[in-house]
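K.L.:
If you scroll down you'll find the structure; I have some questions about it.
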Protein chains: 2
Amino acid sequence: MNVKTPINPLLQHAAQTLTSHGGRMTAQRRLILAVLAESQDHPTAEELYQRVQPKNPALNLSTVYRTLRWLEQEGLVNSRHFEGEPHQDRFDPVADQRPDHHHFRCRACNRIIEFDAPLLDKVKQTFSRQQGGQVESAALVLYGLCADCASK
Amino acid sequence: MNVKTPINPLLQHAAQTLTSHGGRMTAQRRLILAVLAESQDHPTAEELYQRVQPKNPALNLSTVYRTLRWLEQEGLVNSRHFEGEPHQDRFDPVADQRPDHHHFRCRACNRIIEFDAPLLDKVKQTFSRQQGGQVESAALVLYGLCADCASK
DNA sequence: CTGTGTGCAAAGGCTTTGCATAGAC
DNA sequence: GTCTATGCAAAGCCTTTGCACACAG
């Protein structure tokens with residue numbers, strides 16, 4: 001077992017996508033992918049940049065952006081914006097996750113909790129039935145207090 | 001019947017809020033409120049600015065922003081961001097609408113359709129039951145093709 | 001070696017802010 | 001007359017882009 005290179009689906013996907021598109025796997029991309037994959041929150045580009053700094057102080061913010069946008073185009077990452085925040089994007093590694101997961105955001109500690117909402121299929125169906133057309137995807141964000149913050 | 005001043009709940013609310021906060025009803029605010037209230041789409045600040053131009057070419061973009069942000073603070077307007085758009089806000093007059101309405105956005109014509117989703121209450125309850133905490137609000141956006149665009 | 005990726009610095013898009021003047025109450 | 005709102009221009013914040021050099025394949 002190689003402890004130094006744990007299995008990282010995001011990195012694996014990225015590597016495949018890269019080679020099949022004539023791209024190159026650089027140290028910077030590897031680092032960004034690794035940090036992103038182990039981030040449980042949904043970091044902004046700036047936050048990712050900060051976390052990468054210790055391991056490679058020379059790595060530039062624009063490289064972080066370029067990598068994220070490329071991952072986004074390849075469908076390996078989603079960018080989101082949450083209410084009440086400045087005009088900044090947060091990045092959500094999709095990797096092997098269920099495609100249609102949703103988010104709860106605590107307005108006190110800003111924690112983001114992901115969850116599935118199978119009931120949303122019904123909501124989509126109802127909309128289609130009433131309005132016609134096709135619903136392709138849904139983005140649901142719940143806002144409130146998480147269990148920890150509510151109990152204080 | 002006074003045809004020149006149709007009943008405008010947004011404007012009425014705004015007028016009340018203004019006077020009770022020591023604010024002043026100016027020609028600019030009246031204009032912006034009127035145009036916003038009759039906008040069926042969810043205009044950006046820039047779009048609102050364009051629509052206001054013919055009636056008052058001197059009115060400044062920053063006045064539009066200041067008015068919108070003030071309305072937002074007062075809870076008379078919501079600002080939103082939709083996926084796939086530049087980093088710009090769209091403004092949604094709340095006025096006398098149901099508080100918890102949601103949005104469908106057509107990826108072809110960009111039209112926005114509002115709808116109610118009573119089933120979301122169940123989604124909220126399910127989340128609270130499983131994770132604890134309190135859910136205060138929900139923002140749902142469906143993406144797809146509207147009836148018109150789907151039939152082409 | 002060839003061509004993609006990176007660092008750096010500058011520019012871009014949307015939004016906010018400081019300040020002097022205009023205008024509501 | 002007093003104090004809030006506006007217009008204008010400048011700044012701010014997040015993000016993207018141009019260019020020369022570095023480096024993966």
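Here's how to read the names in the structure tokens: chain A, B, ... by the order shown, residue numbers from 1 in each chain, ligand numbers from 1 in the order shown.
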Pick out the residues sitting within 10 Å of C:DA20, and hand them over as a list in words; count only C-alpha atoms (C1' of nucleotides), and ignore anything fewer than 2 positions along from it in its own chain.

P.N.:
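The residues that qualify are DG18 and DA22 of chain C; DG7 and DC8 of chain D.
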
K.L.:
DSSP says alpha helix (DSSP H) for which residues of chain B? Put them as a PyMOL selection string?

P.N.:
chain B and resi 9-20+27-37+45-52+61-73+120-131+147-150

K.L.:
Can you list, as JSON, numbers by chain, every protein, DNA or RNA residue that comes within 7 Å of A:Val141 when you count only C-alpha atoms (C1' of nucleotides), leaving out same-chain residues fewer than 3 positions away?

P.N.:
{"A": [102, 103, 104], "B": [138, 139, 140]}

K.L.:
Output the contact residues of chain C with respect to chain B at a cut-off of 12 Å, based on only C-alpha atoms (C1' of nucleotides), as a PyMOL selection string.

P.N.:
chain C and resi 13-17+22-25

K.L.:
With N, CA and C atoms (P, O5', C5', C4', C3', O3' and C1' of nucleotides) retained, export the selected residues as a PDB file, in the first residue's frame.

P.N.:
ATOM      1  P    DG C  13     -15.047  44.325 -19.774  1.00  0.00           P
ATOM      2  O5'  DG C  13     -15.802  43.798 -18.472  1.00  0.00           O
ATOM      3  C5'  DG C  13     -15.944  42.388 -18.264  1.00  0.00           C
ATOM      4  C4'  DG C  13     -16.855  42.165 -17.074  1.00  0.00           C
ATOM      5  C3'  DG C  13     -18.088  43.054 -17.055  1.00  0.00           C
ATOM      6  O3'  DG C  13     -19.185  42.303 -16.554  1.00  0.00           O
ATOM      7  C1'  DG C  13     -16.768  43.506 -15.146  1.00  0.00           C
ATOM      8  P    DC C  14     -20.622  42.960 -16.546  1.00  0.00           P
ATOM      9  O5'  DC C  14     -20.852  43.270 -14.996  1.00  0.00           O
ATOM     10  C5'  DC C  14     -20.915  42.169 -14.094  1.00  0.00           C
ATOM     11  C4'  DC C  14     -20.820  42.692 -12.678  1.00  0.00           C
ATOM     12  C3'  DC C  14     -21.958  43.614 -12.248  1.00  0.00           C
ATOM     13  O3'  DC C  14     -22.552  43.037 -11.104  1.00  0.00           O
ATOM     14  C1'  DC C  14     -19.850  44.515 -11.634  1.00  0.00           C
ATOM     15  P    DT C  15     -23.762  43.755 -10.350  1.00  0.00           P
ATOM     16  O5'  DT C  15     -22.965  44.658  -9.303  1.00  0.00           O
ATOM     17  C5'  DT C  15     -22.204  44.007  -8.306  1.00  0.00           C
ATOM     18  C4'  DT C  15     -21.578  45.021  -7.366  1.00  0.00           C
ATOM     19  C3'  DT C  15     -22.563  45.980  -6.710  1.00  0.00           C
ATOM     20  O3'  DT C  15     -22.499  45.746  -5.310  1.00  0.00           O
ATOM     21  C1'  DT C  15     -20.642  47.124  -7.532  1.00  0.00           C
ATOM     22  P    DT C  16     -23.275  46.685  -4.275  1.00  0.00           P
ATOM     23  O5'  DT C  16     -22.126  47.715  -3.856  1.00  0.00           O
ATOM     24  C5'  DT C  16     -20.898  47.207  -3.381  1.00  0.00           C
ATOM     25  C4'  DT C  16     -19.971  48.343  -2.996  1.00  0.00           C
ATOM     26  C3'  DT C  16     -20.572  49.373  -2.036  1.00  0.00           C
ATOM     27  O3'  DT C  16     -19.603  49.558  -1.012  1.00  0.00           O
ATOM     28  C1'  DT C  16     -19.642  50.460  -3.911  1.00  0.00           C
ATOM     29  P    DT C  17     -19.938  50.473   0.228  1.00  0.00           P
ATOM     30  O5'  DT C  17     -19.080  51.795  -0.048  1.00  0.00           O
ATOM     31  C5'  DT C  17     -17.788  51.689  -0.629  1.00  0.00           C
ATOM     32  C4'  DT C  17     -17.177  53.078  -0.759  1.00  0.00           C
ATOM     33  C3'  DT C  17     -17.718  54.140   0.198  1.00  0.00           C
ATOM     34  O3'  DT C  17     -16.640  54.996   0.551  1.00  0.00           O
ATOM     35  C1'  DT C  17     -18.060  54.847  -2.013  1.00  0.00           C
ATOM     36  P    DA C  22     -26.054  72.638  -7.518  1.00  0.00           P
ATOM     37  O5'  DA C  22     -27.232  71.593  -7.280  1.00  0.00           O
ATOM     38  C5'  DA C  22     -27.252  70.395  -8.061  1.00  0.00           C
ATOM     39  C4'  DA C  22     -28.471  69.569  -7.675  1.00  0.00           C
ATOM     40  C3'  DA C  22     -29.782  70.357  -7.625  1.00  0.00           C
ATOM     41  O3'  DA C  22     -30.802  69.506  -8.117  1.00  0.00           O
ATOM     42  C1'  DA C  22     -29.342  69.436  -5.501  1.00  0.00           C
ATOM     43  P    DG C  23     -32.293  70.014  -8.374  1.00  0.00           P
ATOM     44  O5'  DG C  23     -33.052  69.409  -7.116  1.00  0.00           O
ATOM     45  C5'  DG C  23     -32.981  68.007  -6.869  1.00  0.00           C
ATOM     46  C4'  DG C  23     -33.633  67.711  -5.530  1.00  0.00           C
ATOM     47  C3'  DG C  23     -34.974  68.415  -5.323  1.00  0.00           C
ATOM     48  O3'  DG C  23     -35.806  67.512  -4.631  1.00  0.00           O
ATOM     49  C1'  DG C  23     -33.556  68.923  -3.563  1.00  0.00           C
ATOM     50  P    DA C  24     -37.367  67.517  -4.825  1.00  0.00           P
ATOM     51  O5'  DA C  24     -37.821  66.819  -3.468  1.00  0.00           O
ATOM     52  C5'  DA C  24     -37.327  65.514  -3.155  1.00  0.00           C
ATOM     53  C4'  DA C  24     -37.522  65.235  -1.671  1.00  0.00           C
ATOM     54  C3'  DA C  24     -38.905  65.536  -1.129  1.00  0.00           C
ATOM     55  O3'  DA C  24     -39.226  64.532  -0.182  1.00  0.00           O
ATOM     56  C1'  DA C  24     -37.307  66.922  -0.045  1.00  0.00           C
ATOM     57  P    DC C  25     -40.678  64.365   0.414  1.00  0.00           P
ATOM     58  O5'  DC C  25     -40.602  65.148   1.794  1.00  0.00           O
ATOM     59  C5'  DC C  25     -39.658  64.720   2.781  1.00  0.00           C
ATOM     60  C4'  DC C  25     -39.653  65.698   3.933  1.00  0.00           C
ATOM     61  C3'  DC C  25     -41.037  66.193   4.351  1.00  0.00           C
ATOM     62  O3'  DC C  25     -41.196  65.975   5.741  1.00  0.00           O
ATOM     63  C1'  DC C  25     -39.542  68.004   4.086  1.00  0.00           C
TER      64       DC C  25
END

K.L.:
Using only C-alpha atoms and a distance of at most 6 Å, pull out the residues of chain A that contact chain B, as a short mmCIF file (atom, residue, chain, number, x, y, z; two decimals) with all heavy atoms, in the first residue's frame.

P.N.:
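As written to disk, selection_26.cif reads:
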data_model
loop_
_atom_site.label_atom_id
_atom_site.label_comp_id
_atom_site.auth_asym_id
_atom_site.auth_seq_id
_atom_site.Cartn_x
_atom_site.Cartn_y
_atom_site.Cartn_z
N GLY A 132 -45.21 22.72 -18.75
CA GLY A 132 -44.62 22.19 -19.97
C GLY A 132 -43.11 22.36 -19.93
O GLY A 132 -42.55 22.80 -18.94
N GLY A 133 -42.46 22.01 -21.02
CA GLY A 133 -41.00 22.13 -21.07
C GLY A 133 -40.31 21.01 -20.34
O GLY A 133 -40.95 20.06 -19.88
N GLN A 134 -38.99 21.09 -20.29
CA GLN A 134 -38.21 20.03 -19.65
C GLN A 134 -37.35 20.61 -18.54
O GLN A 134 -36.65 21.59 -18.75
CB GLN A 134 -37.26 19.39 -20.66
CG GLN A 134 -37.92 18.95 -21.95
CD GLN A 134 -36.89 18.61 -23.01
OE1 GLN A 134 -35.69 18.61 -22.73
NE2 GLN A 134 -37.36 18.35 -24.22
N VAL A 135 -37.38 19.96 -17.40
CA VAL A 135 -36.49 20.37 -16.31
C VAL A 135 -35.26 19.48 -16.37
O VAL A 135 -35.37 18.26 -16.37
CB VAL A 135 -37.19 20.22 -14.95
CG1 VAL A 135 -36.24 20.62 -13.83
CG2 VAL A 135 -38.45 21.07 -14.91
N GLU A 136 -34.10 20.11 -16.43
CA GLU A 136 -32.87 19.32 -16.55
C GLU A 136 -32.11 19.18 -15.24
O GLU A 136 -31.50 18.16 -14.97
CB GLU A 136 -31.98 19.95 -17.62
CG GLU A 136 -32.61 19.83 -19.01
CD GLU A 136 -31.96 20.74 -20.03
OE1 GLU A 136 -31.12 21.57 -19.64
OE2 GLU A 136 -32.31 20.62 -21.23
N SER A 137 -32.11 20.25 -14.46
CA SER A 137 -31.39 20.16 -13.20
C SER A 137 -32.03 21.08 -12.17
O SER A 137 -32.86 21.93 -12.51
CB SER A 137 -29.92 20.52 -13.38
OG SER A 137 -29.81 21.88 -13.72
N ALA A 138 -31.63 20.88 -10.94
CA ALA A 138 -32.20 21.66 -9.85
C ALA A 138 -31.11 22.04 -8.87
O ALA A 138 -30.21 21.26 -8.60
CB ALA A 138 -33.27 20.85 -9.14
N ALA A 139 -31.18 23.26 -8.39
CA ALA A 139 -30.24 23.70 -7.37
C ALA A 139 -31.04 24.20 -6.18
O ALA A 139 -31.78 25.18 -6.28
CB ALA A 139 -29.35 24.82 -7.92
N LEU A 140 -30.91 23.49 -5.09
CA LEU A 140 -31.66 23.86 -3.88
C LEU A 140 -30.69 24.20 -2.77
O LEU A 140 -29.74 23.46 -2.51
CB LEU A 140 -32.54 22.68 -3.43
CG LEU A 140 -33.21 22.83 -2.06
CD1 LEU A 140 -34.21 23.98 -2.06
CD2 LEU A 140 -33.89 21.54 -1.65
N VAL A 141 -30.91 25.33 -2.15
CA VAL A 141 -30.13 25.69 -0.98
C VAL A 141 -31.07 26.02 0.16
O VAL A 141 -31.98 26.85 0.00
CB VAL A 141 -29.20 26.90 -1.24
CG1 VAL A 141 -28.30 27.15 -0.03
CG2 VAL A 141 -28.36 26.68 -2.47
N LEU A 142 -30.87 25.36 1.29
CA LEU A 142 -31.63 25.68 2.49
C LEU A 142 -30.76 26.57 3.38
O LEU A 142 -29.55 26.37 3.46
CB LEU A 142 -32.00 24.41 3.25
CG LEU A 142 -32.79 23.35 2.50
CD1 LEU A 142 -33.12 22.17 3.42
CD2 LEU A 142 -34.07 23.93 1.91
N TYR A 143 -31.40 27.53 4.03
CA TYR A 143 -30.68 28.41 4.95
C TYR A 143 -31.32 28.30 6.33
O TYR A 143 -32.53 28.13 6.44
CB TYR A 143 -30.73 29.86 4.47
CG TYR A 143 -30.03 30.08 3.14
CD1 TYR A 143 -30.72 29.95 1.94
CD2 TYR A 143 -28.69 30.41 3.09
CE1 TYR A 143 -30.08 30.14 0.71
CE2 TYR A 143 -28.04 30.60 1.88
CZ TYR A 143 -28.74 30.47 0.69
OH TYR A 143 -28.10 30.65 -0.50
N GLY A 144 -30.49 28.37 7.36
CA GLY A 144 -31.02 28.28 8.71
C GLY A 144 -29.90 28.12 9.71
O GLY A 144 -28.79 28.60 9.49
N LEU A 145 -30.23 27.45 10.81
CA LEU A 145 -29.22 27.19 11.84
C LEU A 145 -28.93 25.70 11.90
O LEU A 145 -29.85 24.90 11.97
CB LEU A 145 -29.73 27.66 13.20
CG LEU A 145 -29.82 29.18 13.41
CD1 LEU A 145 -30.49 29.49 14.75
CD2 LEU A 145 -28.43 29.82 13.35
N CYS A 146 -27.66 25.34 11.89
CA CYS A 146 -27.31 23.92 11.99
C CYS A 146 -27.56 23.44 13.42
O CYS A 146 -27.78 24.25 14.32
CB CYS A 146 -25.86 23.69 11.58
SG CYS A 146 -24.65 24.29 12.76
N ALA A 147 -27.51 22.15 13.60
CA ALA A 147 -27.82 21.57 14.91
C ALA A 147 -26.96 22.19 16.01
O ALA A 147 -27.47 22.57 17.07
CB ALA A 147 -27.64 20.06 14.86
N ALA A 150 -27.94 25.87 16.63
CA ALA A 150 -29.29 26.02 17.16
C ALA A 150 -29.36 25.68 18.65
O ALA A 150 -30.18 26.22 19.38
CB ALA A 150 -30.26 25.11 16.39
#

K.L.:
For the contact check between chain D and chain A, emit one row per residue of chain D within 8 Å, containing the shortest atom pair and the distance in Å rounded to one decimal, counting only C-alpha atoms (C1' of nucleotides), chain then rising number order, as a Markdown table.

P.N.:
| residue | atom | partner | partner_atom | distance |
| --- | --- | --- | --- | --- |
| D:DC14 | C1' | A:Gln88 | CA | 6.2 |
| D:DT15 | C1' | A:Tyr65 | CA | 7.9 |
| D:DA24 | C1' | A:Arg24 | CA | 6.2 |
| D:DG25 | C1' | A:Arg24 | CA | 7.8 |

K.L.:
Taking the backbone alone, and naming residues the way the document does, which bits of stretch 24-89 of chain B are strand (DSSP E or B) by DSSP, as an MDAnalysis selection string?

P.N.:
chainID B and resid 44 77:80

K.L.:
Residues as selected, C-alpha atoms, written as a compact mmCIF listing (two decimals), in the first residue's frame, can you do that?

P.N.:
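As a result, part12.txt now contains:
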# COMPACT_ATOMS: atom_id res chain seq x y z
CA THR B 44 -30.06 43.42 -13.45
CA VAL B 77 -36.64 43.15 -3.10
CA ASN B 78 -34.44 40.06 -3.28
CA SER B 79 -31.19 39.82 -5.17
CA ARG B 80 -30.28 36.57 -6.85

K.L.:
Could you check the closest approach to C:DT6 for each of A:Ala27, A:Val94, A:Leu71, A:Cys109 and tell me which residue wins, using only C-alpha atoms (C1' of nucleotides)?

P.N.:
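Checking each of A:Ala27, A:Val94, A:Leu71, A:Cys109 against C:DT6, counting only C-alpha atoms (C1' of nucleotides), the winner is A:Ala27.
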